[in-house]
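Here is the file query01.txt (compact mmCIF, C-alpha atoms and all ligand atoms).
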# COMPACT_ATOMS: atom_id res chain seq x y z
CA ARG A 28 0.14 -25.09 6.29
CA ALA A 29 3.31 -25.11 8.34
CA LYS A 30 5.64 -27.46 6.55
CA ARG A 31 7.81 -28.26 9.49
CA PRO A 32 6.32 -27.67 12.91
CA ALA A 33 9.78 -27.01 14.31
CA GLY A 34 10.01 -24.24 11.71
CA ALA A 35 13.47 -23.32 10.63
CA PRO A 36 16.43 -25.35 9.44
CA ASP A 37 19.54 -25.45 11.64
CA LYS A 38 20.19 -21.84 12.65
CA LYS A 39 23.93 -22.41 12.21
CA LEU A 40 23.26 -22.20 8.48
CA ALA A 41 22.07 -18.59 8.79
CA ARG A 42 24.27 -15.97 7.19
CA PRO A 43 24.84 -12.60 8.85
CA VAL A 44 22.83 -9.62 7.65
CA THR A 45 24.95 -6.48 7.75
CA LYS A 46 23.18 -4.36 5.14
CA VAL A 47 19.61 -4.37 3.87
CA GLY A 48 18.25 -3.20 0.52
CA ILE A 49 14.55 -2.45 0.12
CA VAL A 50 13.04 -2.17 -3.35
CA GLY A 51 10.08 0.17 -3.27
CA ALA A 52 9.57 3.16 -1.01
CA GLY A 53 5.79 3.06 -0.67
CA LEU A 54 3.89 2.59 2.56
CA MET A 55 4.78 -1.07 3.04
CA ALA A 56 8.43 -0.59 2.05
CA SER A 57 8.80 2.43 4.36
CA GLN A 58 7.31 0.50 7.26
CA LEU A 59 9.80 -2.29 6.52
CA ALA A 60 12.69 0.19 6.49
CA LEU A 61 11.64 1.46 9.91
CA LEU A 62 11.41 -2.06 11.34
CA PHE A 63 14.72 -3.23 9.88
CA VAL A 64 16.66 -0.20 11.03
CA ARG A 65 15.21 -0.32 14.54
CA ARG A 66 15.70 -4.04 15.09
CA LEU A 67 18.83 -4.89 13.08
CA GLU A 68 20.63 -1.55 13.46
CA VAL A 69 22.39 -1.96 10.11
CA PRO A 70 22.42 0.31 7.05
CA VAL A 71 19.09 0.17 5.21
CA VAL A 72 18.80 1.49 1.65
CA LEU A 73 15.39 2.26 0.19
CA SER A 74 15.07 2.47 -3.58
CA ASP A 75 12.31 3.49 -5.94
CA LEU A 76 11.75 4.77 -9.45
CA ASP A 77 12.14 8.46 -8.70
CA GLN A 78 13.70 10.74 -6.12
CA GLU A 79 10.36 12.05 -4.88
CA ARG A 80 9.15 8.60 -3.82
CA VAL A 81 12.53 7.79 -2.28
CA ASP A 82 12.55 11.03 -0.29
CA LYS A 83 9.00 10.37 0.91
CA GLY A 84 10.01 6.89 2.13
CA VAL A 85 13.03 8.19 4.05
CA ALA A 86 10.95 11.07 5.46
CA TYR A 87 8.39 8.55 6.76
CA VAL A 88 11.10 6.67 8.68
CA HIS A 89 12.47 9.90 10.14
CA ALA A 90 8.99 11.06 11.15
CA GLU A 91 8.18 7.73 12.85
CA LEU A 92 11.48 7.85 14.76
CA ASP A 93 10.64 11.40 15.85
CA LYS A 94 7.24 10.18 17.09
CA LEU A 95 8.93 7.42 19.12
CA LEU A 96 11.34 10.00 20.52
CA ALA A 97 8.48 12.35 21.44
CA LYS A 98 6.71 9.47 23.25
CA GLY A 99 9.91 8.79 25.21
CA ARG A 100 10.24 5.30 23.69
CA ILE A 101 13.72 5.90 22.28
CA SER A 102 16.57 8.24 23.17
CA GLN A 103 17.76 11.16 21.06
CA ASP A 104 20.99 9.25 20.43
CA ARG A 105 19.17 6.22 19.16
CA ALA A 106 16.86 8.30 16.95
CA ASN A 107 19.87 10.04 15.42
CA ARG A 108 21.76 6.79 14.93
CA HIS A 109 18.80 5.10 13.25
CA LYS A 110 18.10 8.08 11.03
CA ALA A 111 21.72 8.07 9.88
CA LEU A 112 21.45 4.37 8.95
CA VAL A 113 18.57 4.93 6.50
CA SER A 114 19.26 6.21 3.02
CA GLY A 115 17.48 6.27 -0.31
CA VAL A 116 18.60 5.80 -3.90
CA VAL A 117 17.06 5.80 -7.34
CA GLU A 118 19.91 3.85 -8.94
CA LYS A 119 20.28 0.60 -7.00
CA SER A 120 23.53 -0.80 -8.34
CA GLU A 121 26.21 0.69 -6.11
CA ALA A 122 24.17 1.04 -2.97
CA PHE A 123 22.92 -2.56 -3.15
CA ALA A 124 26.26 -4.15 -4.10
CA ASP A 125 27.23 -5.12 -0.55
CA ALA A 126 23.71 -5.83 0.76
CA ASP A 127 23.21 -9.35 2.06
CA PHE A 128 19.43 -9.15 2.39
CA VAL A 129 17.22 -7.43 -0.21
CA ILE A 130 13.45 -7.34 0.17
CA GLU A 131 11.07 -6.13 -2.49
CA ALA A 132 7.73 -4.50 -1.74
CA VAL A 133 6.79 -3.19 -5.18
CA PHE A 134 3.58 -3.41 -7.19
CA GLU A 135 1.84 -6.76 -6.74
CA GLU A 136 2.41 -8.18 -10.21
CA MET A 137 4.53 -11.17 -11.13
CA GLY A 138 6.24 -9.52 -14.15
CA VAL A 139 7.22 -6.45 -12.15
CA LYS A 140 8.61 -8.50 -9.28
CA LYS A 141 10.53 -10.81 -11.63
CA SER A 142 12.13 -7.89 -13.36
CA VAL A 143 13.05 -6.28 -10.01
CA PHE A 144 14.80 -9.46 -8.90
CA ALA A 145 16.55 -9.85 -12.28
CA ASP A 146 17.93 -6.30 -11.90
CA VAL A 147 18.96 -6.81 -8.29
CA GLU A 148 20.66 -10.11 -9.10
CA LYS A 149 23.02 -8.29 -11.46
CA VAL A 150 24.47 -6.18 -8.63
CA VAL A 151 24.41 -8.28 -5.45
CA SER A 152 26.61 -11.22 -4.42
CA ALA A 153 25.46 -14.76 -5.23
CA GLU A 154 24.61 -15.32 -1.56
CA CYS A 155 22.50 -12.24 -0.98
CA VAL A 156 18.99 -13.27 0.08
CA LEU A 157 16.23 -12.01 -2.21
CA ALA A 158 13.08 -11.77 -0.12
CA THR A 159 9.64 -10.82 -1.37
CA ASN A 160 6.83 -9.31 0.64
CA THR A 161 4.28 -10.56 -1.87
CA SER A 162 0.96 -11.33 -0.24
CA SER A 163 -0.22 -13.91 -2.73
CA LEU A 164 2.13 -14.65 -5.66
CA SER A 165 4.15 -17.84 -6.22
CA ILE A 166 7.69 -17.70 -4.82
CA THR A 167 8.74 -20.57 -7.09
CA GLU A 168 7.61 -18.75 -10.21
CA MET A 169 9.15 -15.46 -9.07
CA ALA A 170 12.55 -17.18 -8.71
CA ALA A 171 12.32 -19.36 -11.82
CA ASP A 172 14.34 -17.24 -14.27
CA LEU A 173 17.08 -16.19 -11.88
CA GLU A 174 20.64 -17.43 -11.89
CA HIS A 175 20.35 -18.27 -8.17
CA PRO A 176 16.72 -19.15 -7.45
CA GLU A 177 17.81 -20.88 -4.24
CA ARG A 178 18.20 -17.50 -2.48
CA VAL A 179 14.62 -16.39 -3.06
CA VAL A 180 12.21 -16.61 -0.12
CA GLY A 181 8.80 -15.22 0.79
CA PHE A 182 8.90 -12.80 3.74
CA HIS A 183 5.34 -11.66 4.22
CA PHE A 184 4.42 -8.99 6.79
CA PHE A 185 1.02 -7.70 7.87
CA ASN A 186 -0.30 -4.18 8.23
CA PRO A 187 0.55 -2.25 10.36
CA VAL A 188 4.03 -3.78 10.23
CA ALA A 189 5.17 -2.25 13.52
CA VAL A 190 2.29 -3.82 15.42
CA MET A 191 1.29 -7.11 13.78
CA PRO A 192 3.43 -9.91 15.21
CA LEU A 193 3.21 -12.50 12.43
CA LEU A 194 5.71 -13.04 9.63
CA GLU A 195 5.00 -15.75 7.05
CA ILE A 196 8.25 -17.24 5.69
CA ILE A 197 7.51 -18.99 2.43
CA GLN A 198 9.74 -21.68 0.99
CA GLY A 199 9.72 -21.74 -2.79
CA GLY A 200 10.50 -24.85 -4.81
CA ALA A 201 14.19 -23.91 -5.04
CA THR A 202 14.73 -22.11 -1.70
CA ASP A 203 17.73 -23.66 0.06
CA ASP A 204 18.29 -24.20 3.78
CA ALA A 205 20.86 -21.41 4.18
CA THR A 206 18.37 -18.91 2.75
CA LEU A 207 15.57 -20.22 4.95
CA ALA A 208 17.79 -20.20 8.03
CA THR A 209 18.83 -16.60 7.27
CA ALA A 210 15.16 -15.64 6.83
CA PHE A 211 14.21 -17.21 10.17
CA ALA A 212 17.16 -15.61 11.98
CA THR A 213 16.27 -12.23 10.47
CA GLY A 214 12.60 -12.65 11.41
CA LYS A 215 13.65 -13.42 14.98
CA ALA A 216 15.94 -10.37 15.09
CA LEU A 217 12.95 -8.31 13.88
CA LYS A 218 11.05 -9.73 16.89
CA LYS A 219 8.33 -11.27 14.75
CA THR A 220 6.57 -14.59 15.22
CA THR A 221 7.83 -16.65 12.29
CA ILE A 222 6.05 -19.55 10.64
CA LEU A 223 7.16 -21.69 7.73
CA VAL A 224 4.58 -21.74 4.95
CA GLN A 225 4.33 -23.72 1.75
CA ASP A 226 4.21 -21.89 -1.55
CA SER A 227 0.48 -21.83 -2.32
CA PRO A 228 -1.87 -19.04 -3.49
CA SER A 229 -2.04 -16.29 -0.83
CA PHE A 230 -0.26 -18.53 1.70
CA ILE A 231 -2.15 -18.96 5.00
CA VAL A 232 -3.47 -15.71 6.43
CA ASN A 233 -4.61 -14.08 3.21
CA ARG A 234 -6.22 -17.30 2.03
CA LEU A 235 -8.32 -17.42 5.19
CA LEU A 236 -8.94 -13.70 5.18
CA GLY A 237 -9.81 -13.86 1.46
CA ARG A 238 -12.59 -16.33 2.13
CA PHE A 239 -14.01 -14.06 4.81
CA MET A 240 -13.67 -10.99 2.58
CA SER A 241 -15.42 -12.82 -0.26
CA GLU A 242 -18.49 -13.19 1.94
CA VAL A 243 -18.22 -9.57 3.11
CA SER A 244 -18.08 -8.45 -0.53
CA LYS A 245 -21.18 -10.48 -1.40
CA VAL A 246 -23.06 -8.79 1.43
CA VAL A 247 -21.91 -5.34 0.18
CA ASP A 248 -22.74 -6.21 -3.44
CA ALA A 249 -26.20 -7.34 -2.32
CA GLY A 250 -26.83 -3.76 -1.21
CA THR A 251 -26.02 -3.66 2.51
CA PRO A 252 -24.59 -0.23 3.37
CA ILE A 253 -20.91 -0.44 4.20
CA GLU A 254 -21.45 1.26 7.58
CA VAL A 255 -23.92 -1.48 8.47
CA VAL A 256 -21.47 -4.20 7.47
CA ASP A 257 -18.66 -2.64 9.50
CA GLY A 258 -20.99 -1.78 12.38
CA ALA A 259 -21.94 -5.44 12.65
CA PHE A 260 -18.35 -6.19 13.60
CA SER A 261 -18.03 -3.51 16.23
CA GLY A 262 -16.52 -5.17 19.28
CA VAL A 263 -16.26 -8.51 17.46
CA ALA A 264 -13.01 -8.06 15.54
CA PRO A 265 -10.06 -5.72 16.25
CA MET A 266 -10.93 -3.92 13.04
CA PRO A 267 -14.17 -4.17 11.01
CA PRO A 268 -13.71 -5.73 7.56
CA LEU A 269 -14.09 -2.69 5.30
CA THR A 270 -11.92 -0.57 7.61
CA LEU A 271 -9.32 -3.33 7.39
CA MET A 272 -9.64 -3.29 3.60
CA ALA A 273 -8.94 0.45 3.65
CA LEU A 274 -5.84 -0.14 5.78
CA VAL A 275 -4.51 -2.85 3.48
CA GLY A 276 -5.54 -0.99 0.33
CA PRO A 277 -8.36 -2.00 -2.05
CA ALA A 278 -5.92 -2.87 -4.87
CA ILE A 279 -4.09 -5.39 -2.69
CA ALA A 280 -7.40 -6.81 -1.44
CA LEU A 281 -8.67 -7.17 -5.02
CA HIS A 282 -5.44 -8.73 -6.21
CA ASN A 283 -5.57 -11.23 -3.37
CA THR A 284 -9.12 -12.29 -4.21
CA GLU A 285 -8.31 -12.52 -7.91
CA THR A 286 -5.33 -14.77 -7.20
CA LEU A 287 -7.45 -16.98 -4.98
CA ALA A 288 -10.40 -17.02 -7.40
CA GLY A 289 -7.97 -18.03 -10.15
CA ALA A 290 -6.76 -20.97 -8.08
CA PHE A 291 -10.06 -21.94 -6.43
CA PRO A 292 -12.87 -20.41 -8.53
CA GLU A 293 -15.65 -22.12 -6.62
CA ARG A 294 -14.58 -20.69 -3.28
CA PHE A 295 -13.66 -17.05 -3.89
CA TYR A 296 -15.74 -14.16 -5.13
CA VAL A 297 -14.38 -11.17 -7.04
CA SER A 298 -16.61 -8.22 -6.24
CA PRO A 299 -17.63 -5.83 -9.05
CA ALA A 300 -18.01 -3.05 -6.46
CA LEU A 301 -14.43 -3.61 -5.28
CA GLU A 302 -13.27 -3.61 -8.90
CA ARG A 303 -14.93 -0.20 -9.31
CA VAL A 304 -13.28 1.13 -6.15
CA VAL A 305 -9.89 0.05 -7.52
CA ALA A 306 -10.56 1.29 -11.07
CA ALA A 307 -11.52 4.69 -9.64
CA ARG A 308 -8.30 4.62 -7.54
CA LYS A 309 -10.28 5.26 -4.38
CA PRO A 310 -8.47 4.58 -1.12
CA SER A 311 -11.51 2.72 0.22
CA TYR A 312 -15.27 2.24 0.03
CA PHE A 313 -15.57 5.12 2.46
CA GLY A 314 -15.56 8.86 1.77
CA PRO A 315 -18.04 11.31 0.31
CA ASP A 316 -18.80 9.16 -2.71
CA GLY A 317 -17.41 5.97 -1.27
CA ALA A 318 -20.67 4.11 -0.76
CA LEU A 319 -20.90 2.64 -4.22
CA ASP A 320 -24.06 1.69 -5.93
CA PRO A 321 -23.97 -2.13 -6.00
CA GLU A 322 -25.46 -2.05 -9.49
N1 LIG A 401 1.44 2.08 12.48
C1 LIG A 401 2.16 1.90 13.62
N2 LIG A 401 1.62 1.66 14.81
C2 LIG A 401 0.27 1.62 14.87
C3 LIG A 401 -0.56 1.80 13.75
C4 LIG A 401 0.09 2.05 12.51
N3 LIG A 401 -0.61 2.21 11.37
N4 LIG A 401 -1.85 1.71 14.12
C5 LIG A 401 -1.84 1.47 15.44
N5 LIG A 401 -0.57 1.41 15.90
C6 LIG A 401 -0.13 1.13 17.25
C7 LIG A 401 -0.47 2.28 18.17
O1 LIG A 401 0.57 3.26 18.18
C8 LIG A 401 -0.57 1.58 19.50
O2 LIG A 401 0.72 1.36 20.04
P1 LIG A 401 1.01 1.60 21.58
O3 LIG A 401 0.00 0.78 22.33
O4 LIG A 401 2.40 1.09 21.74
O5 LIG A 401 0.87 3.07 21.78
C9 LIG A 401 -1.14 0.20 19.15
O6 LIG A 401 -0.85 0.02 17.75
C10 LIG A 401 -2.64 0.10 19.39
O7 LIG A 401 -3.25 1.15 18.65
P2 LIG A 401 -4.61 1.85 19.06
O8 LIG A 401 -4.80 1.71 20.54
O9 LIG A 401 -4.63 3.20 18.46
O10 LIG A 401 -5.71 1.10 18.24
P3 LIG A 401 -6.25 -0.38 18.32
O11 LIG A 401 -6.25 -0.93 19.70
O12 LIG A 401 -7.50 -0.35 17.56
O13 LIG A 401 -5.19 -1.24 17.49
C11 LIG A 401 -4.59 -2.22 15.45
C12 LIG A 401 -4.85 -0.92 16.19
C13 LIG A 401 -3.48 -2.99 16.14
C14 LIG A 401 -4.16 -1.82 14.04
C15 LIG A 401 -5.90 -3.08 15.46
O14 LIG A 401 -6.95 -2.31 14.97
C16 LIG A 401 -5.79 -4.34 14.65
O15 LIG A 401 -5.24 -5.35 15.09
N6 LIG A 401 -6.35 -4.32 13.41
C17 LIG A 401 -6.32 -5.48 12.51
C18 LIG A 401 -5.09 -5.41 11.68
C19 LIG A 401 -4.97 -6.62 10.79
O16 LIG A 401 -5.75 -7.56 10.83
N7 LIG A 401 -3.93 -6.61 9.93
C20 LIG A 401 -3.72 -7.65 8.96
C21 LIG A 401 -4.23 -7.17 7.64
S1 LIG A 401 -3.98 -8.36 6.37
C22 LIG A 401 -2.50 -7.94 5.72
O17 LIG A 401 -1.85 -7.00 6.05
C23 LIG A 401 -2.00 -8.94 4.76
C24 LIG A 401 -1.70 -8.45 3.41
O18 LIG A 401 -0.84 -9.02 2.79
C25 LIG A 401 -2.48 -7.43 2.78
Take the structure from the file and write it as C-alpha cells.
Ligand code: CAA
Amino acid sequence: RAKRPAGAPDKKLARPVTKVGIVGAGLMASQLALLFVRRLEVPVVLSDLDQERVDKGVAYVHAELDKLLAKGRISQDRANRHKALVSGVVEKSEAFADADFVIEAVFEEMGVKKSVFADVEKVVSAECVLATNTSSLSITEMAADLEHPERVVGFHFFNPVAVMPLLEIIQGGATDDATLATAFATGKALKKTTILVQDSPSFIVNRLLGRFMSEVSKVVDAGTPIEVVDGAFSGVAPMPPLTLMALVGPAIALHNTETLAGAFPERFYVSPALERVVAARKPSYFGPDGALDPE
C-alpha cells in the first residue's frame, strides 16, 4: 500500500549523492552498478567477498557499456567516462568512507544483511543512506541494531533492472524524512517510477506475484509439465511464469514464498518441487533434467 499518495517528503530535505557504494557484486548488484553509473554519473564502488566476484561485477558493467556503445546508444567518450567511474574492492572501509549512498544486494537472509549494515556503519558518515534491495525482508528489523537506524530504507528494484520501470521505496519504522527524500530524489535521478511502500512482508509487487506463483507451483506440483504451464501464458503475460522464475532465480522465488507463507500461512504455498530445484542449485525448472518429478 502506498502510504502517502503524494509519495515523497519535501524534496528540499534530500541530501546530495556524490558517491555510491554497492555491497555485493552478483547479478543484481552489477545491474545496479550499471544503472547508478549511467544515471548519476558519480563514482560507484562494488564490493564483494573475493576479488574474483568483484572483477566479474566490474566486467559486467564494462561489457554492458560496450554493448550500448556498439548499438550507438552512447558515445565512446561516455562509455570511457562511465567505465572509469566504476571500481571494485574486497575491503570496503576506505573506498566506502566518503560514500553518501550505500545499497546492499547480498544474499537474501536477515542475519547476513544485518551484519553487512553493521560493517558498513563503522566506515561511513552518520548521514550516509543505507539502502537495501531486499525483496521481502523487514526494513525495520534490518535497521534495529544499528547506531543510526533512521538512515535505513528499502530500495527495491525489479529484474531486469535496466528495463523495469518500478522502484519500491520502503519506509521502515525508524526511517526519517531526510533519508526518504534522498531515496526519492535518487530514484528520480535513476529515472525510475518511485512509490512509497509500507514495511510489510514482500512489500507490494512480490506479495501479489507470490500469490500468483503459489497457484502456478500448485499446478506444477500436481503434475502439469512446465512447458504446458508456460505455454498457457504465451501472449498473455510479457513473460510466462516459470521463465520469469528463472530470470529472478529460484532461490529468490522460494525465499519470497517462504517469507509470505510465514506471515500468511493460509494464503501462500511453498512448493516441494521448487525446494528441490533450489536444493539442487539448479538455475530453473528447465534444462535437460529440469522437469522435476512432482513426487
Ligand atoms: N537486461 C537488460 N536489458 C534487457 C534485458 C536484460 N536482461 N532483457 C531485455 N532487455 C531489453 C532489451 O535490450 C530491449 O531493449 P531495447 O528495446 O531498448 O533494445 C528490451 O528490454 C525489450 O527486450 P526484448 O525485445 O528482447 O524482449 P521482450 O519484449 O520480451 O522484453 C522483458 C523483455 C522486458 C524482460 C519482458 O519479457 C518482461 O517485461 N518480462 C517480465 C519481467 C518482470 O516481470 N520482472 C519482474 C520480476 S519480479 C522481481 O524482479 C522482483 C524480485 O524482487 C525478485
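Among A:Glu195, A:Asp104, A:Glu79, A:Glu254, the residue with the shortest atom-to-atom distance to ligand LIG 401 (chain A), counting all atoms listed in the file, is A:Glu195.
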Exercise. Using all atoms listed in the file, what are the residues with an atom within 7 Å of ligand LIG 401 (chain A), set out as JSON, numbers by chain?
Worked result: {"A": [162, 183, 184, 185, 186, 187, 188, 189, 190, 191, 233, 265, 266, 271, 275, 279, 280]}
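Across the structure, CA of Gln198 (chain A) and CA of Pro268 (chain A) are spaced 29.1 Å apart.
Relative to CA of Met169 (chain A), CA of Val139 (chain A) is found at 9.7 Å.
The space separating CA of Asn283 (chain A) from CA of Val243 (chain A) comes to 14.3 Å.
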For this session: Would you kindly return, as number ranges by chain, each protein, DNA or RNA residue with an atom no farther than 12 Å from any atom of region 239-242 of chain A, considering all atoms listed in the file and excluding same-chain residues fewer than 3 positions away?
Result: A: 232-236, 245-249, 256-257, 267-272, 277, 280-281, 283-285, 287-288, 292-301
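Residue nearest Ser229 (chain A) within the list A:Thr251, A:Thr286, A:Ser163, A:Thr202: A:Ser163 [criterion: smallest interatomic distance, all atoms listed in the file].
When only C-alpha atoms are used to measure the gap to Thr167 (chain A), the shortest distance among A:Asp204, A:Glu135, A:Asp127, A:Asp226 belongs to A:Asp226.
Residues in contact with Thr213 (chain A) at up to 9 Å, not including ones fewer than 4 positions away on its chain and judged by all atoms listed in the file, are Ala41, Pro43, Val44, Leu67, Ala208, Thr209, Leu217 and Lys218 of chain A.
Closest approach to Ala106 (chain A) among A:Lys38, A:Phe123, A:Glu91, A:Thr221: A:Glu91, based on all atoms listed in the file.
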For this session: Find the residue from A:Gly199, A:Gly237, A:Gly99, A:Pro310 that sits nearest to Glu177 (chain A); use only C-alpha atoms when measuring.
Result: A:Gly199
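Around Ile196 (chain A), within 8 Å and counting all atoms listed in the file, the residues found are A:Val180, A:Gly181, A:Phe182, A:His183, A:Leu207, A:Ala210, A:Phe211, A:Thr221, A:Ile222, A:Leu223, A:Val224, once anything fewer than 6 positions away on its own chain is removed.
Minimum atom-to-atom distance to Leu62 (chain A), evaluated using all atoms listed in the file, belongs to A:Gly214 out of A:Gly214, A:Gly258, A:Pro228, A:Gly276.
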For this session: Do a neighbour search on Ser142 (chain A) at 12 Å with all atoms listed in the file, toss out local chain neighbours closer than 4 positions, and write the hits as a PyMOL selection string.
Result: chain A and resi 50+131+133-134+136-138+146-149+169-173
Enclose region 121-125 of chain A, meaning all of its atoms listed in the file, in a box aligned along x, y and z, pad it by 8 Å on each side, and list the centre and edge lengths in Å to one decimal, as JSON.
{"center_x": 25.1, "center_y": -2.0, "center_z": -3.3, "size_x": 20.3, "size_y": 22.2, "size_z": 21.6}
